[in-house]
Amino acid sequence: MSNQPDAERQRLENQRTGCEDWRLWGPYLSERAWGTVREDYSPDGDAWEYFDHDQSRSRAYRWNEDGLGGISDEAQRLCFGLALWNGRDSILKERAFGLTSKQGNRGEDVKECYFYVDATPSHSWLHYLYKYPQSAFPYTRLVEENARRSRKDPPFSLMDSGAFADRRYWDVEVCYAKASPEELHIRIIATNRGEDEATLWLLPQLWFRNDWAWSRNGAPKPVLRALSPSGGVAWAVVAEHSMLGTYHLYGRQHADVLYTENETNRSRLWGTASAGSYAKDAFHRYLVDGEHAAVNPEQQGTKFGAVHKLRVAPGQAGTIDLVLSRIHRPQPFIHHESIFALRRSEADSFFRGLLPEASVQDHRILRQALAGMIWNKQFFHYDVSTWLQGDGVSPPSSRKHGRNHSWRHLKASHVISMPDAWEYPWFAAWDLAFHCAVLALIDVDFAKEQVELLLLETYLHPNGQIPAYEWSFGDVNPPVHAMAALKVFRAERVQRGKGDTTFLKRVLHKLLLNHTWWINRKDATGTNVFEGGFLGLDNISVYDRSKPLPPGYTLKQADATGWMAMFSLQLTVIALEIAVEDPAYENIAIQCYSQFLAIGYAIAGHTGACVPLWDEEDGFFKDLMISPDGTVNRIDVFSWVGIIPLFACEVVDARLLEHRTRFKALLWEHKGGMFDGSTICACPVHTNARGEHLLSLVTASMLVKILPRIFDEKEFFSSHGIRGVSKRHATHRNPEHIPGIGDTFIRYVPGESDSPMFGGNSNWRGPVWMPTNYLLIQSIEKLHRFLGDAFTFPAPCLNGYEVTLKYAATMLAERLVDIFRRDESDLIPAFPMDSPHQTDPHWRDLLLFHEYFHGETGQGLGASHQSWSGLAANLVMRRYHQNIPEFWKQQAPIAPSKS
């Protein structure tokens with residue numbers, strides 16, 4: 001029996017070389033497919049209301065499927081998921097429940113307790129846990145209580161409802177262990193945590209995604225039908241699909257087998273005749289309503305369920321075993337136990353080898369953060385042209401000029417790393433870039449594919465724009481794809497000893513299109529000071545930046561300009577990396593660095609408004625509002641907007657500059673950081689002891705001013721990371737009047753947002769956000785690499801003690817990871833003090849990675865399974881290996897870059 005990390009690594013290598021397709025099956029089934037843009041055919045574009053949770057059990061989806069703890073093949077033709085009933089609920093529990101954007105007192109919000117406990121990157125081992133109340137699920141109370149509450153109140157959660165009082169609930173675990181890429185062994189364990197004997201109906205379900213109702217190619221309808229059991233099998237079903245092939249599902253324990261069709265129950269929803277007698281909600285009607293005629297007595301259809309009635313004593317568990325296999329197995333359970341033991345052991349070894357010297361706590365943080373990344377891989381399907389024209393549903397005429405109408409070319413049908421499988425079950429461009437930084441720790445090939453995905457011709461707009469997210473592909477997210485490409489390239493160089501410059505070439509060609517789009521579309525005056533708009537930071541500004549300003553007014557954004565300076569530098573470095581093997585790319589490096597210099601010149605105030613974005617007196621970058629008469633007003637807000645320009649920082653080593661005579665000449669042309677007689681950036685020709693050059697927007701003299709503000713606990717530096725807005729805005733409510741906007745102010749709000757400005761549940765006005773904190777750490781580390789220990793600054797959080805940049809980066813990184821660690825009081829800041837996660841043995845080892853974290857307490861807020869907070873894994877790795885795990889060092893001939 002193998003107990004080495006090499007078993008999982010070999011599977012990844014076999015995947016890479018095409019020997020085996022371990023990604024064929026994975027956790028690609030969404031937690032929510034209702035309430036999405038894809039399913040919306042309403043005249044007003046209100047997706048939440050058009051297809052709500054109540055309809056989801058009776059209405060067949062067009063584009064994607066959802067379920068509890070489920071899996072599917074990579075094209076989501078065949079799906080497996082869990083359904084539950086405690087005998088008291090009004091509906092069969094087939095999917096997670098949550099509130100729509102209008103129902104929640106601060107936007108959409110899942111109202112369930114589920115956990116991604118474990119996962120390997122090949123999906124050879126997956127472990128999911130769902131906590132199911134034994135009392136009636138409080139659907140109505142959750143809706144009514146949240147509707148009663150205002151934005152000044154906290155959201156009302158399932159935990160608050162008393163649903164888990166006296167531990168009267170079930171721990172339902174679903175584990176998958178792959179015997180091969182096409183054979184999955186499944187174990188479902190239901191543990192009664194209550195003090196009394198209880199009954200649970202557990203229904204593993206197998207069904208086909210309904211693509212036949214909208215099919216235009218005449219493909220045959222798939223079928224599920226009963227198969228005669230044998231060899232220790234209680235029941236069996238065969239699934240036949242013209243493209244996927246044939247699969248067999250075997251059950252070990254006795255069950256009542258049910259068949260129906262994955263078709264809409266039109267009679268229930270709209271009072272019209274259904275296409276057939278059997279519908280998607282048949283199992284609910286059979287079990288909850290006692291309508292036995294709802295299922296097909298012929299034992300065939302496109303949806304299957306096996307009803308297991310478990311009567312379990314307190315503290316005990318009931319187990320259900322299944323096998324899903326392409327090959328017909330006369331005795332499918334003969335190696336069942338050994339396969340589970342082996343895959344679990346290999347998973348333990350894989351993660352132990354990844355970080356062998358880590359503490360138990362840090363191992364748990366690393367492993368569960370990575371499990372969340374893997375479980376949030378989802379099949380995303382959306383053909384915008386077909387959707388706009390209507391596909392089985394006649395769309396309103398307004399759709400022709402409505403949401404995403406200029407993105408007809410976008411055709412998505414891929415497994416994508418999602419922000420959150422319930423809150424955000426669709427890709428988001430800048431989220432995905434951060435996901436790649438995490439995924440590259442364990443599966444660099446998948447991370448590379450994800451970087452390239454949104455740059456494909458079926459995603460990238462012909463004008464060069466990267467699609468933002470499905471609610472508005474044309475919105476603007478920060479340009480962080482080049483960052484992701486470099487992170488993945490460097491990760492592969494560490495792991496395999498050589499970076500993939502062919503990958504960089506493919507990415508660079510597309511990113512240059514995107515870079516040109518930014519220059520042409522987001523620099524209205526052609527002065528290299530950018531507007532950007534939304535930029536993913538929701539309500540961080542004093543007004544909604546997605547909305548147009550009054551005629552004649554222009555906002556020059558420090559964050560948009562900083563992002564573009566970062567983008568230009570990263571393209572420069574990518575081109576230099578390629579030029580090591582292909583000198584022709586030196587020209588691109590020169591072009592991109594020249595663009596960076598032009599941006600630096602503009603930030604310094606030498607073009608356009610002739611006012612620098614850098615406020616020398618305050619030592620901070622700030623937005624500018626330009627009036628129709630040319631008057632310039634600086635917006636005195638201290639937020640991430642003014643920190644982001646620090647991200648424009650790269651260290652270039654001698655290897656990259658060898659033989660690059662023209663590029664080196666360009667650096668010398670701007671020695672001293674000069675451009676047209678003005679100092680605009682750090683001096684690019686100075687070198688450190690290793691012969692490295694610093695390409696940076698921010699100079700050392702600027703750092704001495706801005707870093708003390710960032711590391712001041714009275715301003716940005718909290719016990720849990722950098723706040724979204726300086727704490728000074730808790731009392732200083734400036735500005736009071738902004739031309740073009742009017743009387744307004746921004747206030748430090750450390751927790752949930754008290755402003756409905758941007759809608760939803762996001763708040764950048766005070767909480768700690770993992771992705772921007774992570775980029776700040778990366779930038780400070782690069783600056784330390786160049787400046788060394790000789791550069792220090794006074795840290796107000798340490799009573800003005802002079803600290804090195806390395807110490808500052810470590811201090812920040814540790815505070816972020818401490819959100820998930822137990823403190824001296826044995827409490828985890830991410831959870832409320834009275835949470836069962838603090839003391840209950842059945843909760844205390846379960847972590848959640850929230851969208852953002854309270855700026856004072858560190859409590860997790862917003863979406864509860866947010867992938868980009870999986871960056872905690874990178875920060876844990878940093879503590880032990882400075883982000884270069886020994887696990888991956890394989891006699892690398894090229895020294896790994898630490899930039």
# chains A, B, ... in the order shown; residues from 1 in each chain; ligands from 1
>>> select_by_dssp(residues="segment 773-886 of chain A", states="helix (DSSP H, G or I)", output="PDB file with N, CA and C atoms, in the first residue's frame")
ATOM      1  N   ASN A 773      -4.475  42.341   0.302  1.00  0.00           N
ATOM      2  CA  ASN A 773      -3.439  42.132   1.319  1.00  0.00           C
ATOM      3  C   ASN A 773      -2.318  41.254   0.775  1.00  0.00           C
ATOM      4  N   TYR A 774      -2.707  40.227   0.040  1.00  0.00           N
ATOM      5  CA  TYR A 774      -1.713  39.312  -0.531  1.00  0.00           C
ATOM      6  C   TYR A 774      -0.805  40.044  -1.518  1.00  0.00           C
ATOM      7  N   LEU A 775      -1.381  40.863  -2.391  1.00  0.00           N
ATOM      8  CA  LEU A 775      -0.569  41.605  -3.354  1.00  0.00           C
ATOM      9  C   LEU A 775       0.348  42.605  -2.652  1.00  0.00           C
ATOM     10  N   LEU A 776      -0.113  43.188  -1.561  1.00  0.00           N
ATOM     11  CA  LEU A 776       0.734  44.119  -0.820  1.00  0.00           C
ATOM     12  C   LEU A 776       1.934  43.380  -0.220  1.00  0.00           C
ATOM     13  N   ILE A 777       1.684  42.200   0.332  1.00  0.00           N
ATOM     14  CA  ILE A 777       2.785  41.402   0.867  1.00  0.00           C
ATOM     15  C   ILE A 777       3.790  41.081  -0.230  1.00  0.00           C
ATOM     16  N   GLN A 778       3.289  40.668  -1.389  1.00  0.00           N
ATOM     17  CA  GLN A 778       4.168  40.352  -2.504  1.00  0.00           C
ATOM     18  C   GLN A 778       5.020  41.563  -2.890  1.00  0.00           C
ATOM     19  N   SER A 779       4.414  42.744  -2.936  1.00  0.00           N
ATOM     20  CA  SER A 779       5.147  43.945  -3.317  1.00  0.00           C
ATOM     21  C   SER A 779       6.202  44.314  -2.283  1.00  0.00           C
ATOM     22  N   ILE A 780       5.851  44.244  -1.005  1.00  0.00           N
ATOM     23  CA  ILE A 780       6.814  44.566   0.046  1.00  0.00           C
ATOM     24  C   ILE A 780       7.986  43.594   0.011  1.00  0.00           C
ATOM     25  N   GLU A 781       7.701  42.317  -0.271  1.00  0.00           N
ATOM     26  CA  GLU A 781       8.779  41.329  -0.358  1.00  0.00           C
ATOM     27  C   GLU A 781       9.713  41.623  -1.532  1.00  0.00           C
ATOM     28  N   LYS A 782       9.149  42.045  -2.663  1.00  0.00           N
ATOM     29  CA  LYS A 782       9.992  42.407  -3.805  1.00  0.00           C
ATOM     30  C   LYS A 782      10.876  43.602  -3.460  1.00  0.00           C
ATOM     31  N   LEU A 783      10.286  44.589  -2.788  1.00  0.00           N
ATOM     32  CA  LEU A 783      11.055  45.764  -2.397  1.00  0.00           C
ATOM     33  C   LEU A 783      12.165  45.386  -1.427  1.00  0.00           C
ATOM     34  N   HIS A 784      11.874  44.460  -0.533  1.00  0.00           N
ATOM     35  CA  HIS A 784      12.918  44.006   0.392  1.00  0.00           C
ATOM     36  C   HIS A 784      14.009  43.247  -0.344  1.00  0.00           C
ATOM     37  N   ARG A 785      13.622  42.448  -1.305  1.00  0.00           N
ATOM     38  CA  ARG A 785      14.619  41.696  -2.074  1.00  0.00           C
ATOM     39  C   ARG A 785      15.635  42.650  -2.688  1.00  0.00           C
ATOM     40  N   PHE A 786      15.162  43.801  -3.147  1.00  0.00           N
ATOM     41  CA  PHE A 786      16.086  44.745  -3.776  1.00  0.00           C
ATOM     42  C   PHE A 786      16.783  45.631  -2.741  1.00  0.00           C
ATOM     43  N   LEU A 787      16.013  46.207  -1.824  1.00  0.00           N
ATOM     44  CA  LEU A 787      16.566  47.184  -0.897  1.00  0.00           C
ATOM     45  C   LEU A 787      17.317  46.543   0.255  1.00  0.00           C
ATOM     46  N   PRO A 796       4.458  52.488  13.344  1.00  0.00           N
ATOM     47  CA  PRO A 796       3.651  52.966  14.478  1.00  0.00           C
ATOM     48  C   PRO A 796       3.062  51.832  15.321  1.00  0.00           C
ATOM     49  N   CYS A 797       2.780  50.680  14.689  1.00  0.00           N
ATOM     50  CA  CYS A 797       2.205  49.559  15.450  1.00  0.00           C
ATOM     51  C   CYS A 797       3.208  48.976  16.443  1.00  0.00           C
ATOM     52  N   LEU A 798       4.484  49.340  16.300  1.00  0.00           N
ATOM     53  CA  LEU A 798       5.538  48.909  17.222  1.00  0.00           C
ATOM     54  C   LEU A 798       6.165  50.116  17.906  1.00  0.00           C
ATOM     55  N   LEU A 805      11.668  45.727   5.642  1.00  0.00           N
ATOM     56  CA  LEU A 805      10.519  45.379   4.816  1.00  0.00           C
ATOM     57  C   LEU A 805      10.162  43.906   4.979  1.00  0.00           C
ATOM     58  N   LYS A 806      11.142  43.048   5.148  1.00  0.00           N
ATOM     59  CA  LYS A 806      10.860  41.629   5.341  1.00  0.00           C
ATOM     60  C   LYS A 806      10.069  41.417   6.628  1.00  0.00           C
ATOM     61  N   TYR A 807      10.466  42.122   7.673  1.00  0.00           N
ATOM     62  CA  TYR A 807       9.750  41.994   8.941  1.00  0.00           C
ATOM     63  C   TYR A 807       8.309  42.487   8.778  1.00  0.00           C
ATOM     64  N   ALA A 808       8.124  43.588   8.050  1.00  0.00           N
ATOM     65  CA  ALA A 808       6.780  44.130   7.843  1.00  0.00           C
ATOM     66  C   ALA A 808       5.912  43.153   7.074  1.00  0.00           C
ATOM     67  N   ALA A 809       6.466  42.541   6.009  1.00  0.00           N
ATOM     68  CA  ALA A 809       5.703  41.582   5.213  1.00  0.00           C
ATOM     69  C   ALA A 809       5.317  40.376   6.056  1.00  0.00           C
ATOM     70  N   THR A 810       6.262  39.901   6.876  1.00  0.00           N
ATOM     71  CA  THR A 810       5.978  38.736   7.726  1.00  0.00           C
ATOM     72  C   THR A 810       4.935  39.075   8.771  1.00  0.00           C
ATOM     73  N   MET A 811       5.049  40.250   9.355  1.00  0.00           N
ATOM     74  CA  MET A 811       4.080  40.673  10.362  1.00  0.00           C
ATOM     75  C   MET A 811       2.675  40.704   9.771  1.00  0.00           C
ATOM     76  N   LEU A 812       2.547  41.226   8.565  1.00  0.00           N
ATOM     77  CA  LEU A 812       1.242  41.289   7.914  1.00  0.00           C
ATOM     78  C   LEU A 812       0.742  39.893   7.553  1.00  0.00           C
ATOM     79  N   ALA A 813       1.604  39.076   6.982  1.00  0.00           N
ATOM     80  CA  ALA A 813       1.204  37.726   6.587  1.00  0.00           C
ATOM     81  C   ALA A 813       0.736  36.914   7.782  1.00  0.00           C
ATOM     82  N   GLU A 814       1.447  37.020   8.895  1.00  0.00           N
ATOM     83  CA  GLU A 814       1.075  36.252  10.079  1.00  0.00           C
ATOM     84  C   GLU A 814      -0.255  36.717  10.665  1.00  0.00           C
ATOM     85  N   ARG A 815      -0.511  38.004  10.617  1.00  0.00           N
ATOM     86  CA  ARG A 815      -1.802  38.485  11.116  1.00  0.00           C
ATOM     87  C   ARG A 815      -2.956  37.968  10.261  1.00  0.00           C
ATOM     88  N   LEU A 816      -2.727  37.843   8.977  1.00  0.00           N
ATOM     89  CA  LEU A 816      -3.769  37.308   8.103  1.00  0.00           C
ATOM     90  C   LEU A 816      -4.039  35.839   8.400  1.00  0.00           C
ATOM     91  N   VAL A 817      -2.988  35.043   8.536  1.00  0.00           N
ATOM     92  CA  VAL A 817      -3.186  33.624   8.832  1.00  0.00           C
ATOM     93  C   VAL A 817      -3.760  33.440  10.228  1.00  0.00           C
ATOM     94  N   PRO A 836     -20.205  27.457  17.741  1.00  0.00           N
ATOM     95  CA  PRO A 836     -19.758  26.099  18.074  1.00  0.00           C
ATOM     96  C   PRO A 836     -18.381  25.787  17.483  1.00  0.00           C
ATOM     97  N   HIS A 837     -17.949  26.559  16.495  1.00  0.00           N
ATOM     98  CA  HIS A 837     -16.607  26.374  15.933  1.00  0.00           C
ATOM     99  C   HIS A 837     -15.524  26.610  16.986  1.00  0.00           C
ATOM    100  N   GLN A 838     -15.872  27.293  18.065  1.00  0.00           N
ATOM    101  CA  GLN A 838     -14.870  27.589  19.088  1.00  0.00           C
ATOM    102  C   GLN A 838     -14.646  26.437  20.061  1.00  0.00           C
ATOM    103  N   THR A 839     -15.719  25.729  20.417  1.00  0.00           N
ATOM    104  CA  THR A 839     -15.574  24.730  21.483  1.00  0.00           C
ATOM    105  C   THR A 839     -16.149  23.354  21.157  1.00  0.00           C
ATOM    106  N   SER A 867     -13.252  31.484  -2.657  1.00  0.00           N
ATOM    107  CA  SER A 867     -12.001  30.859  -3.076  1.00  0.00           C
ATOM    108  C   SER A 867     -10.788  31.759  -2.909  1.00  0.00           C
ATOM    109  N   TRP A 868     -10.939  33.076  -3.142  1.00  0.00           N
ATOM    110  CA  TRP A 868      -9.720  33.882  -3.094  1.00  0.00           C
ATOM    111  C   TRP A 868      -9.164  34.004  -1.683  1.00  0.00           C
ATOM    112  N   SER A 869      -9.967  33.729  -0.663  1.00  0.00           N
ATOM    113  CA  SER A 869      -9.410  33.679   0.684  1.00  0.00           C
ATOM    114  C   SER A 869      -8.623  32.398   0.908  1.00  0.00           C
ATOM    115  N   GLY A 870      -8.668  31.496  -0.078  1.00  0.00           N
ATOM    116  CA  GLY A 870      -7.775  30.348  -0.076  1.00  0.00           C
ATOM    117  C   GLY A 870      -6.319  30.755  -0.198  1.00  0.00           C
ATOM    118  N   LEU A 871      -6.052  32.051  -0.463  1.00  0.00           N
ATOM    119  CA  LEU A 871      -4.685  32.573  -0.449  1.00  0.00           C
ATOM    120  C   LEU A 871      -4.032  32.374   0.917  1.00  0.00           C
ATOM    121  N   ALA A 872      -4.844  32.049   1.918  1.00  0.00           N
ATOM    122  CA  ALA A 872      -4.274  31.689   3.221  1.00  0.00           C
ATOM    123  C   ALA A 872      -3.309  30.518   3.076  1.00  0.00           C
ATOM    124  N   ALA A 873      -3.568  29.643   2.113  1.00  0.00           N
ATOM    125  CA  ALA A 873      -2.654  28.518   1.872  1.00  0.00           C
ATOM    126  C   ALA A 873      -1.280  29.023   1.459  1.00  0.00           C
ATOM    127  N   ASN A 874      -1.234  30.014   0.573  1.00  0.00           N
ATOM    128  CA  ASN A 874       0.050  30.586   0.150  1.00  0.00           C
ATOM    129  C   ASN A 874       0.781  31.233   1.316  1.00  0.00           C
ATOM    130  N   LEU A 875       0.022  31.879   2.207  1.00  0.00           N
ATOM    131  CA  LEU A 875       0.648  32.555   3.336  1.00  0.00           C
ATOM    132  C   LEU A 875       1.165  31.548   4.361  1.00  0.00           C
ATOM    133  N   VAL A 876       0.459  30.436   4.526  1.00  0.00           N
ATOM    134  CA  VAL A 876       0.978  29.375   5.390  1.00  0.00           C
ATOM    135  C   VAL A 876       2.269  28.814   4.797  1.00  0.00           C
ATOM    136  N   MET A 877       2.271  28.556   3.485  1.00  0.00           N
ATOM    137  CA  MET A 877       3.465  28.057   2.824  1.00  0.00           C
ATOM    138  C   MET A 877       4.619  29.045   2.977  1.00  0.00           C
ATOM    139  N   ARG A 878       4.310  30.318   2.886  1.00  0.00           N
ATOM    140  CA  ARG A 878       5.341  31.348   3.023  1.00  0.00           C
ATOM    141  C   ARG A 878       6.036  31.251   4.371  1.00  0.00           C
ATOM    142  N   ARG A 879       5.272  30.976   5.413  1.00  0.00           N
ATOM    143  CA  ARG A 879       5.851  30.932   6.758  1.00  0.00           C
ATOM    144  C   ARG A 879       6.951  29.887   6.856  1.00  0.00           C
ATOM    145  N   TYR A 880       6.759  28.773   6.164  1.00  0.00           N
ATOM    146  CA  TYR A 880       7.691  27.673   6.311  1.00  0.00           C
ATOM    147  C   TYR A 880       8.726  27.603   5.190  1.00  0.00           C
ATOM    148  N   HIS A 881       8.353  28.045   4.010  1.00  0.00           N
ATOM    149  CA  HIS A 881       9.269  27.900   2.877  1.00  0.00           C
ATOM    150  C   HIS A 881       9.377  29.163   2.042  1.00  0.00           C
ATOM    151  N   GLU A 886       9.779  22.685  -0.221  1.00  0.00           N
ATOM    152  CA  GLU A 886      10.768  21.651  -0.524  1.00  0.00           C
ATOM    153  C   GLU A 886      10.134  20.492  -1.276  1.00  0.00           C
TER     154      GLU A 886
END
>>> select_by_dssp(residues="segment 562-700 of chain A", states="strand (DSSP E or B)", output="PyMOL selection string")
chain A and resi 614-615+620-621+624-626+632-634+639+649-652+674-675+678-679+687+693-696
>>> closest_residue(among="A:Val393, A:Leu129, A:Val438, A:Leu707", to="Phe620 of chain A", atoms="only C-alpha atoms")
A:Leu707
>>> closest_residue(among="A:Tyr139, A:Phe647, A:Trp614, A:Tyr41", to="Val480 of chain A", atoms="only C-alpha atoms")
A:Phe647
>>> residues_around(residues="Tyr553 of chain A", least_positions_apart="6", cutoff="7 Å", atoms="only C-alpha atoms", output="VMD selection string")
chain A and resid 626 to 628 740
>>> write_last_selection(atoms="C-alpha atoms", output="PDB file, in the first residue's frame")
ATOM      1  CA  ILE A 626     -11.645  67.301 -12.866  1.00  0.00           C
ATOM      2  CA  SER A 627     -14.480  69.786 -13.458  1.00  0.00           C
ATOM      3  CA  PRO A 628     -15.639  70.957 -16.910  1.00  0.00           C
ATOM      4  CA  GLY A 740     -19.684  66.630  -9.726  1.00  0.00           C
TER       5      GLY A 740
END
